>>> print(open('coords-v9.cif').read())   # mmCIF, C-alpha atoms (C1' of nucleotides)
data_data
#
loop_
_atom_site.group_PDB
_atom_site.id
_atom_site.type_symbol
_atom_site.label_atom_id
_atom_site.label_comp_id
_atom_site.auth_asym_id
_atom_site.auth_seq_id
_atom_site.Cartn_x
_atom_site.Cartn_y
_atom_site.Cartn_z
ATOM 1 C CA MET A 5 36.839 -3.637 26.619
ATOM 2 C CA THR A 6 35.355 -0.441 25.313
ATOM 3 C CA SER A 7 36.027 -0.985 21.632
ATOM 4 C CA PRO A 8 34.815 -4.468 20.746
ATOM 5 C CA ALA A 9 37.146 -5.814 18.118
ATOM 6 C CA VAL A 10 35.888 -6.806 14.737
ATOM 7 C CA SER A 11 34.922 -10.420 14.877
ATOM 8 C CA SER A 12 36.866 -13.021 12.987
ATOM 9 C CA ARG A 13 33.901 -13.848 10.828
ATOM 10 C CA ASP A 14 34.044 -11.345 8.032
ATOM 11 C CA LEU A 15 31.693 -10.968 5.138
ATOM 12 C CA PRO A 16 32.398 -11.011 1.409
ATOM 13 C CA HIS A 17 32.162 -7.600 -0.229
ATOM 14 C CA PRO A 18 32.631 -6.747 -3.885
ATOM 15 C CA ALA A 19 35.719 -4.677 -4.604
ATOM 16 C CA ARG A 20 35.109 -1.175 -5.835
ATOM 17 C CA GLU A 21 35.817 -2.146 -9.432
ATOM 18 C CA GLU A 22 33.353 -4.984 -9.212
ATOM 19 C CA ILE A 23 30.410 -2.780 -8.323
ATOM 20 C CA ARG A 24 27.937 -2.670 -11.204
ATOM 21 C CA LEU A 25 25.525 0.152 -11.764
ATOM 22 C CA GLU A 26 22.720 -2.241 -12.649
ATOM 23 C CA GLY A 27 23.245 -4.039 -9.372
ATOM 24 C CA VAL A 28 23.125 -0.824 -7.400
ATOM 25 C CA LEU A 29 19.947 0.281 -9.136
ATOM 26 C CA HIS A 30 18.354 -3.093 -8.614
ATOM 27 C CA ALA A 31 19.258 -3.001 -4.937
ATOM 28 C CA LEU A 32 17.708 0.430 -4.530
ATOM 29 C CA SER A 33 14.587 -0.419 -6.509
ATOM 30 C CA ASP A 34 13.131 -2.190 -3.487
ATOM 31 C CA PRO A 35 11.231 0.090 -1.096
ATOM 32 C CA MET A 36 12.578 -1.668 1.978
ATOM 33 C CA ARG A 37 16.162 -1.374 0.861
ATOM 34 C CA LEU A 38 15.759 2.212 -0.277
ATOM 35 C CA ARG A 39 14.403 2.979 3.174
ATOM 36 C CA ILE A 40 17.434 1.385 4.798
ATOM 37 C CA VAL A 41 19.827 3.358 2.644
ATOM 38 C CA ARG A 42 17.984 6.602 3.290
ATOM 39 C CA GLU A 43 18.208 6.063 7.018
ATOM 40 C CA LEU A 44 21.892 5.232 6.808
ATOM 41 C CA ALA A 45 22.481 8.402 4.824
ATOM 42 C CA THR A 46 20.568 10.717 7.126
ATOM 43 C CA VAL A 47 22.149 9.298 10.274
ATOM 44 C CA GLY A 48 25.555 9.430 8.634
ATOM 45 C CA GLN A 49 27.107 6.643 10.651
ATOM 46 C CA GLU A 50 27.106 2.899 10.988
ATOM 47 C CA LEU A 51 23.950 1.337 12.292
ATOM 48 C CA SER A 52 23.245 -2.163 13.523
ATOM 49 C CA CYS A 53 20.725 -4.311 11.701
ATOM 50 C CA SER A 54 18.521 -4.381 14.775
ATOM 51 C CA HIS A 55 18.312 -0.595 14.783
ATOM 52 C CA PHE A 56 15.930 -0.718 11.857
ATOM 53 C CA ASP A 57 12.304 -1.384 12.565
ATOM 54 C CA LEU A 58 11.126 -2.802 9.280
ATOM 55 C CA PRO A 59 7.697 -4.301 8.707
ATOM 56 C CA VAL A 60 9.200 -7.661 7.798
ATOM 57 C CA THR A 61 10.646 -10.556 9.718
ATOM 58 C CA LYS A 62 14.283 -10.834 10.733
ATOM 59 C CA SER A 63 14.909 -13.361 7.993
ATOM 60 C CA THR A 64 13.762 -10.950 5.343
ATOM 61 C CA THR A 65 15.750 -8.136 6.909
ATOM 62 C CA THR A 66 18.883 -10.259 6.726
ATOM 63 C CA HIS A 67 18.121 -10.941 3.090
ATOM 64 C CA HIS A 68 17.811 -7.238 2.237
ATOM 65 C CA PHE A 69 21.048 -6.353 3.982
ATOM 66 C CA ARG A 70 22.812 -9.074 2.082
ATOM 67 C CA VAL A 71 21.508 -7.769 -1.224
ATOM 68 C CA LEU A 72 22.730 -4.296 -0.328
ATOM 69 C CA ARG A 73 26.140 -5.628 0.650
ATOM 70 C CA GLU A 74 26.574 -7.870 -2.378
ATOM 71 C CA SER A 75 25.635 -5.047 -4.714
ATOM 72 C CA GLY A 76 28.268 -2.824 -3.108
ATOM 73 C CA VAL A 77 25.930 -0.285 -1.569
ATOM 74 C CA ILE A 78 26.765 -0.953 2.067
ATOM 75 C CA ARG A 79 29.626 -2.395 4.046
ATOM 76 C CA GLN A 80 28.926 -4.799 6.871
ATOM 77 C CA ILE A 81 31.175 -5.522 9.813
ATOM 78 C CA TYR A 82 30.538 -7.722 12.793
ATOM 79 C CA ARG A 83 31.155 -5.990 16.083
ATOM 80 C CA GLY A 84 30.361 -8.384 18.873
ATOM 81 C CA THR A 85 26.884 -9.725 18.353
ATOM 82 C CA ALA A 86 25.909 -6.654 16.398
ATOM 83 C CA LYS A 87 26.427 -6.311 12.667
ATOM 84 C CA MET A 88 27.165 -2.744 11.749
ATOM 85 C CA ASN A 89 26.099 -1.346 8.396
ATOM 86 C CA GLY A 90 27.612 1.648 6.682
ATOM 87 C CA LEU A 91 27.117 3.212 3.275
ATOM 88 C CA ARG A 92 30.052 2.806 0.882
ATOM 89 C CA THR A 93 29.920 6.465 -0.008
ATOM 90 C CA ASP A 94 33.604 6.676 -0.900
ATOM 91 C CA ASP A 95 33.456 3.811 -3.357
ATOM 92 C CA LEU A 96 30.158 4.873 -4.883
ATOM 93 C CA ASP A 97 31.263 8.492 -5.239
ATOM 94 C CA GLY A 98 34.510 7.301 -6.747
ATOM 95 C CA LEU A 99 32.771 5.180 -9.332
ATOM 96 C CA PHE A 100 29.706 7.302 -10.000
ATOM 97 C CA PRO A 101 30.267 10.887 -8.843
ATOM 98 C CA GLY A 102 27.038 12.566 -7.856
ATOM 99 C CA LEU A 103 24.892 9.500 -8.297
ATOM 100 C CA LEU A 104 24.349 8.678 -4.646
ATOM 101 C CA ASP A 105 23.501 12.284 -3.812
ATOM 102 C CA ALA A 106 21.072 12.455 -6.702
ATOM 103 C CA LEU A 107 19.435 9.217 -5.640
ATOM 104 C CA LEU A 108 19.089 10.306 -2.028
ATOM 105 C CA ASP A 109 17.765 13.667 -3.079
ATOM 106 C CA ALA A 110 15.249 11.991 -5.378
ATOM 107 C CA ALA A 111 14.142 9.644 -2.607
ATOM 108 C CA GLY A 112 13.763 12.564 -0.243
ATOM 109 C CA ARG A 113 11.712 14.541 -2.711
ATOM 110 C CA GLN A 114 9.417 11.620 -3.357
ATOM 111 C CA ALA A 115 8.966 10.988 0.360
ATOM 112 C CA ALA A 116 8.095 14.632 0.907
ATOM 113 C CA ARG A 117 5.768 14.661 -2.060
ATOM 114 C CA LEU A 118 3.915 11.571 -0.932
ATOM 115 C CA GLY A 119 3.159 13.203 2.398
ATOM 116 C CA GLU A 120 5.505 11.088 4.382
ATOM 117 C CA SER A 121 6.014 12.758 7.729
ATOM 118 C CA GLY A 122 8.683 10.706 9.423
ATOM 119 C CA LEU A 123 11.581 9.179 7.587
ATOM 120 C CA MET B 8 1.583 13.328 -46.487
ATOM 121 C CA THR B 9 4.973 14.309 -45.199
ATOM 122 C CA SER B 10 4.185 14.392 -41.488
ATOM 123 C CA PRO B 11 2.410 11.162 -40.636
ATOM 124 C CA ALA B 12 -0.217 12.001 -38.053
ATOM 125 C CA VAL B 13 -0.198 10.357 -34.680
ATOM 126 C CA SER B 14 -2.308 7.255 -34.867
ATOM 127 C CA SER B 15 -5.553 6.966 -32.999
ATOM 128 C CA ARG B 16 -4.270 4.067 -30.936
ATOM 129 C CA ASP B 17 -2.544 5.706 -28.032
ATOM 130 C CA LEU B 18 -0.724 4.059 -25.205
ATOM 131 C CA PRO B 19 -1.257 4.436 -21.457
ATOM 132 C CA HIS B 20 1.400 6.495 -19.717
ATOM 133 C CA PRO B 21 1.676 7.286 -16.023
ATOM 134 C CA ALA B 22 1.130 10.950 -15.201
ATOM 135 C CA ARG B 23 4.137 12.802 -13.887
ATOM 136 C CA GLU B 24 2.895 12.563 -10.303
ATOM 137 C CA GLU B 25 2.429 8.844 -10.634
ATOM 138 C CA ILE B 26 6.045 8.153 -11.514
ATOM 139 C CA ARG B 27 7.748 6.302 -8.673
ATOM 140 C CA LEU B 28 11.462 6.360 -8.043
ATOM 141 C CA GLU B 29 11.528 2.642 -7.294
ATOM 142 C CA GLY B 30 9.888 1.962 -10.621
ATOM 143 C CA VAL B 31 12.389 4.079 -12.490
ATOM 144 C CA LEU B 32 15.311 2.396 -10.763
ATOM 145 C CA HIS B 33 13.874 -1.033 -11.425
ATOM 146 C CA ALA B 34 13.386 -0.162 -15.085
ATOM 147 C CA LEU B 35 16.990 0.994 -15.393
ATOM 148 C CA SER B 36 18.407 -1.968 -13.501
ATOM 149 C CA ASP B 37 18.115 -4.133 -16.602
ATOM 150 C CA PRO B 38 21.117 -3.944 -18.952
ATOM 151 C CA MET B 39 18.952 -4.028 -22.041
ATOM 152 C CA ARG B 40 16.748 -1.195 -20.871
ATOM 153 C CA LEU B 41 19.671 0.861 -19.619
ATOM 154 C CA ARG B 42 21.187 0.471 -23.063
ATOM 155 C CA ILE B 43 18.010 1.725 -24.696
ATOM 156 C CA VAL B 44 17.850 4.754 -22.435
ATOM 157 C CA ARG B 45 21.490 5.564 -23.015
ATOM 158 C CA GLU B 46 21.004 5.498 -26.745
ATOM 159 C CA LEU B 47 17.913 7.669 -26.512
ATOM 160 C CA ALA B 48 19.841 10.159 -24.418
ATOM 161 C CA THR B 49 22.860 10.357 -26.693
ATOM 162 C CA VAL B 50 20.809 10.691 -29.847
ATOM 163 C CA GLY B 51 18.579 13.256 -28.176
ATOM 164 C CA GLN B 52 15.501 12.592 -30.244
ATOM 165 C CA GLU B 53 12.734 10.098 -30.686
ATOM 166 C CA LEU B 54 13.690 6.738 -32.098
ATOM 167 C CA SER B 55 11.563 3.934 -33.419
ATOM 168 C CA CYS B 56 11.641 0.554 -31.732
ATOM 169 C CA SER B 57 13.098 -1.022 -34.844
ATOM 170 C CA HIS B 58 16.057 1.360 -34.724
ATOM 171 C CA PHE B 59 17.523 -0.587 -31.824
ATOM 172 C CA ASP B 60 19.474 -3.698 -32.605
ATOM 173 C CA LEU B 61 19.181 -5.621 -29.392
ATOM 174 C CA PRO B 62 20.367 -9.202 -28.902
ATOM 175 C CA VAL B 63 16.854 -10.364 -28.059
ATOM 176 C CA THR B 64 13.750 -11.169 -30.054
ATOM 177 C CA LYS B 65 11.167 -8.591 -31.012
ATOM 178 C CA SER B 66 8.809 -9.917 -28.376
ATOM 179 C CA THR B 67 11.311 -9.241 -25.657
ATOM 180 C CA THR B 68 12.094 -5.831 -27.097
ATOM 181 C CA THR B 69 8.417 -4.928 -26.943
ATOM 182 C CA HIS B 70 8.378 -6.052 -23.327
ATOM 183 C CA HIS B 71 11.315 -3.833 -22.388
ATOM 184 C CA PHE B 72 9.830 -0.785 -24.055
ATOM 185 C CA ARG B 73 6.595 -1.358 -22.209
ATOM 186 C CA VAL B 74 8.395 -1.554 -18.876
ATOM 187 C CA LEU B 75 10.169 1.707 -19.665
ATOM 188 C CA ARG B 76 6.902 3.369 -20.630
ATOM 189 C CA GLU B 77 4.911 2.114 -17.655
ATOM 190 C CA SER B 78 7.603 3.221 -15.257
ATOM 191 C CA GLY B 79 7.519 6.703 -16.745
ATOM 192 C CA VAL B 80 10.999 6.713 -18.242
ATOM 193 C CA ILE B 81 9.997 7.002 -21.886
ATOM 194 C CA ARG B 82 7.021 8.239 -23.866
ATOM 195 C CA GLN B 83 5.758 6.180 -26.773
ATOM 196 C CA ILE B 84 3.727 7.444 -29.695
ATOM 197 C CA TYR B 85 2.558 5.595 -32.739
ATOM 198 C CA ARG B 86 3.476 7.307 -35.961
ATOM 199 C CA GLY B 87 2.249 5.247 -38.826
ATOM 200 C CA THR B 88 3.545 1.727 -38.378
ATOM 201 C CA ALA B 89 6.459 2.985 -36.361
ATOM 202 C CA LYS B 90 6.352 3.452 -32.621
ATOM 203 C CA MET B 91 8.489 6.366 -31.594
ATOM 204 C CA ASN B 92 10.224 6.429 -28.229
ATOM 205 C CA GLY B 93 11.428 9.505 -26.404
ATOM 206 C CA LEU B 94 12.869 10.088 -22.957
ATOM 207 C CA ARG B 95 10.572 11.911 -20.553
ATOM 208 C CA THR B 96 13.364 14.234 -19.532
ATOM 209 C CA ASP B 97 11.059 17.077 -18.587
ATOM 210 C CA ASP B 98 8.980 14.972 -16.212
ATOM 211 C CA LEU B 99 11.954 13.188 -14.720
ATOM 212 C CA ASP B 100 13.908 16.398 -14.246
ATOM 213 C CA GLY B 101 10.848 17.984 -12.701
ATOM 214 C CA LEU B 102 10.389 15.193 -10.226
ATOM 215 C CA PHE B 103 14.007 14.299 -9.531
ATOM 216 C CA PRO B 104 16.317 17.151 -10.574
ATOM 217 C CA GLY B 105 19.737 15.905 -11.528
ATOM 218 C CA LEU B 106 18.877 12.241 -11.248
ATOM 219 C CA LEU B 107 18.693 11.413 -14.917
ATOM 220 C CA ASP B 108 21.944 13.217 -15.649
ATOM 221 C CA ALA B 109 23.651 11.424 -12.786
ATOM 222 C CA LEU B 110 22.355 8.072 -13.980
ATOM 223 C CA LEU B 111 23.445 8.666 -17.554
ATOM 224 C CA ASP B 112 26.827 9.885 -16.418
ATOM 225 C CA ALA B 113 27.210 6.820 -14.216
ATOM 226 C CA ALA B 114 26.238 4.526 -17.073
ATOM 227 C CA GLY B 115 28.705 6.263 -19.350
ATOM 228 C CA ARG B 116 31.504 5.985 -16.839
ATOM 229 C CA GLN B 117 30.857 2.303 -16.328
ATOM 230 C CA ALA B 118 30.741 1.669 -20.057
ATOM 231 C CA ALA B 119 34.050 3.478 -20.488
ATOM 232 C CA ARG B 120 35.587 1.660 -17.551
ATOM 233 C CA LEU B 121 34.530 -1.745 -18.814
ATOM 234 C CA GLY B 122 36.276 -1.099 -22.101
ATOM 235 C CA GLU B 123 33.175 -0.662 -24.155
ATOM 236 C CA SER B 124 34.129 0.836 -27.450
ATOM 237 C CA GLY B 125 30.866 1.441 -29.240
ATOM 238 C CA LEU B 126 27.843 2.828 -27.450
ATOM 239 C "C1'" DA C 4 -7.123 -5.511 -52.858
ATOM 240 C "C1'" DC C 5 -2.774 -7.202 -51.697
ATOM 241 C "C1'" DC C 6 1.637 -7.383 -49.575
ATOM 242 C "C1'" DG C 7 5.215 -6.119 -46.545
ATOM 243 C "C1'" DT C 8 6.730 -3.918 -42.384
ATOM 244 C "C1'" DA C 9 6.234 -2.817 -37.510
ATOM 245 C "C1'" DC C 10 4.727 -4.044 -33.520
ATOM 246 C "C1'" DT C 11 1.450 -6.772 -30.253
ATOM 247 C "C1'" DA C 12 -0.901 -10.493 -27.717
ATOM 248 C "C1'" DC C 13 -0.779 -14.735 -25.684
ATOM 249 C "C1'" DG C 14 0.998 -18.782 -23.764
ATOM 250 C "C1'" DA C 15 4.988 -21.291 -22.023
ATOM 251 C "C1'" DT C 16 9.193 -21.747 -19.517
ATOM 252 C "C1'" DG C 17 12.706 -21.281 -16.320
ATOM 253 C "C1'" DC C 18 14.843 -18.308 -13.190
ATOM 254 C "C1'" DC C 19 14.977 -14.905 -9.666
ATOM 255 C "C1'" DT C 20 13.215 -12.942 -5.400
ATOM 256 C "C1'" DA C 21 10.524 -11.201 -1.401
ATOM 257 C "C1'" DT C 22 8.523 -13.295 2.168
ATOM 258 C "C1'" DC C 23 7.962 -16.432 6.022
ATOM 259 C "C1'" DG C 24 8.991 -20.002 9.896
ATOM 260 C "C1'" DT C 25 11.992 -22.682 12.350
ATOM 261 C "C1'" DA C 26 16.202 -24.187 13.842
ATOM 262 C "C1'" DC C 27 20.898 -22.958 14.600
ATOM 263 C "C1'" DG C 28 25.661 -20.395 15.605
ATOM 264 C "C1'" DA C 29 28.272 -16.569 17.644
ATOM 265 C "C1'" DG C 30 28.984 -13.419 21.215
ATOM 266 C "C1'" DT C 31 28.042 -11.146 25.826
ATOM 267 C "C1'" DC C 32 26.855 -11.105 30.514
ATOM 268 C "C1'" DG C 33 25.640 -13.097 34.900
ATOM 269 C "C1'" DC D 10 28.189 -23.067 32.380
ATOM 270 C "C1'" DG D 11 23.614 -21.060 31.190
ATOM 271 C "C1'" DA D 12 20.646 -17.685 29.428
ATOM 272 C "C1'" DC D 13 19.834 -14.212 26.387
ATOM 273 C "C1'" DT D 14 20.366 -11.351 22.164
ATOM 274 C "C1'" DC D 15 21.653 -10.791 17.447
ATOM 275 C "C1'" DG D 16 21.830 -12.443 13.326
ATOM 276 C "C1'" DT D 17 22.248 -16.769 9.856
ATOM 277 C "C1'" DA D 18 20.939 -20.877 7.269
ATOM 278 C "C1'" DC D 19 17.773 -23.581 5.104
ATOM 279 C "C1'" DG D 20 13.521 -24.903 3.122
ATOM 280 C "C1'" DA D 21 9.156 -23.569 1.348
ATOM 281 C "C1'" DT D 22 6.062 -20.673 -1.213
ATOM 282 C "C1'" DA D 23 4.120 -17.532 -4.098
ATOM 283 C "C1'" DG D 24 4.658 -14.088 -7.309
ATOM 284 C "C1'" DG D 25 7.355 -11.545 -10.713
ATOM 285 C "C1'" DC D 26 10.024 -11.368 -14.859
ATOM 286 C "C1'" DA D 27 13.189 -11.980 -18.972
ATOM 287 C "C1'" DT D 28 12.990 -14.751 -22.631
ATOM 288 C "C1'" DC D 29 11.060 -17.180 -26.529
ATOM 289 C "C1'" DG D 30 7.771 -18.680 -30.471
ATOM 290 C "C1'" DT D 31 3.740 -18.223 -32.925
ATOM 291 C "C1'" DA D 32 -0.127 -16.063 -34.466
ATOM 292 C "C1'" DG D 33 -2.318 -11.830 -35.199
ATOM 293 C "C1'" DT D 34 -3.329 -6.546 -35.880
ATOM 294 C "C1'" DA D 35 -2.434 -1.906 -37.760
ATOM 295 C "C1'" DC D 36 -0.668 0.885 -41.179
ATOM 296 C "C1'" DG D 37 1.428 2.367 -45.608
ATOM 297 C "C1'" DG D 38 2.476 1.603 -50.310
ATOM 298 C "C1'" DT D 39 1.719 -0.630 -54.759
#
>>> encode(input="coords-v9.cif", output="structure tokens")
Amino acid sequence: MTSPAVSSRDLPHPAREEIRLEGVLHALSDPMRLRIVRELATVGQELSCSHFDLPVTKSTTTHHFRVLRESGVIRQIYRGTAKMNGLRTDDLDGLFPGLLDALLDAAGRQAARLGESGL
Amino acid sequence: MTSPAVSSRDLPHPAREEIRLEGVLHALSDPMRLRIVRELATVGQELSCSHFDLPVTKSTTTHHFRVLRESGVIRQIYRGTAKMNGLRTDDLDGLFPGLLDALLDAAGRQAARLGESGL
DNA sequence: ACCGTACTACGATGCCTATCGTACGAGTCG
DNA sequence: CGACTCGTACGATAGGCATCGTAGTACGGT
């Protein structure tokens, strides 16, 4: 079929009210995870885990995605063998209006300032 | 004298350009440190370390203030026996416009949502 | 000089975490 | 079914860190 149904195995996510600012900040304080979130934000759509080419092993990548999910920053859904990742912009904007934009803007400014050419 | 001069012992601070977003986020991801920063922001002026009544020992308090200083969030100056702490709003706003306000607003919203009455 | 206050330095401890490797499960396609 | 891909689970490891207690330093006032 053309639209692969969401697999039965679903992942635990915190409800919007359970998202804690400290957890979000801790999740984003890791360079690898900040990079993931930045890429998700610029692309603006769900991306599979394997889309990211991080300088760590798959195990570590899995770990970082789990931290992002458990802190409420991203939402993960299985779609076939792929695991799609999307930013929880609606929930984050609902809880902390303007925070996500400010964080992404700050990350972008720092990347530009540090002479980063690509992402 | 009425205005106690700044002591000769000065503390190492990162220059504005050395402040890293990840470091700032990590510093603010600790409840105790977020609490300190919130109080500094609401008061709007320098406060001594001893002004804060944190549920940890003095050793731990010193540790938290050092993390905040070394990450570039606060500036610390000795004034007599007291060590005054002030937010580096100018540097942070210069590097990441809107970020500090968004963070403080987010922290305030969460505090209000979680039924915090005091600070 | 002495004392009290404010903060630090150092060592210890227990927990958390970023990382890896290997072995495994779930799904798709031939 | 079998092979392959994607991602997970588990154990190990090394480093970081929040916390404490104790002992010590710097400064101001008496």
>>> closest_residue(input="coords-v9.cif", among="A:Asp14, A:Ile81, A:His68, A:Gly119", to="Val41 (chain A)", atoms="all atoms listed in the file")
A:His68
>>> closest_residue(input="coords-v9.cif", among="B:Ser36, B:Thr49, B:Ser55, B:Thr88", to="chain C", atoms="all atoms listed in the file")
B:Thr88
>>> resolve_selection(input="coords-v9.cif", expression="the PyMOL selection byres ((chain A) within 12 of (chain D))", output="list in words")
Ser52, Cys53, Ser54, His55, Thr61, Lys62, Ser63, Thr64, Thr65, Thr66, His67, Phe69, Arg70, Tyr82, Arg83, Gly84, Thr85, Ala86, Lys87 and Met88 of chain A
>>> calpha_fit_rmsd(input="coords-v9.cif", fixed="chain A", moving="chain B")
0.1 Å
>>> atom_distance(input="coords-v9.cif", atom1="CA of Leu38 (chain A)", atom2="CA of Ala115 (chain A)")
11.1 Å
>>> axis_aligned_box(input="coords-v9.cif", around="region 60-76 of chain A", padding_each_side="8 Å", output="JSON")
{"center_x": 18.7, "center_y": -8.1, "center_z": 3.0, "size_x": 35.1, "size_y": 26.5, "size_z": 31.4}
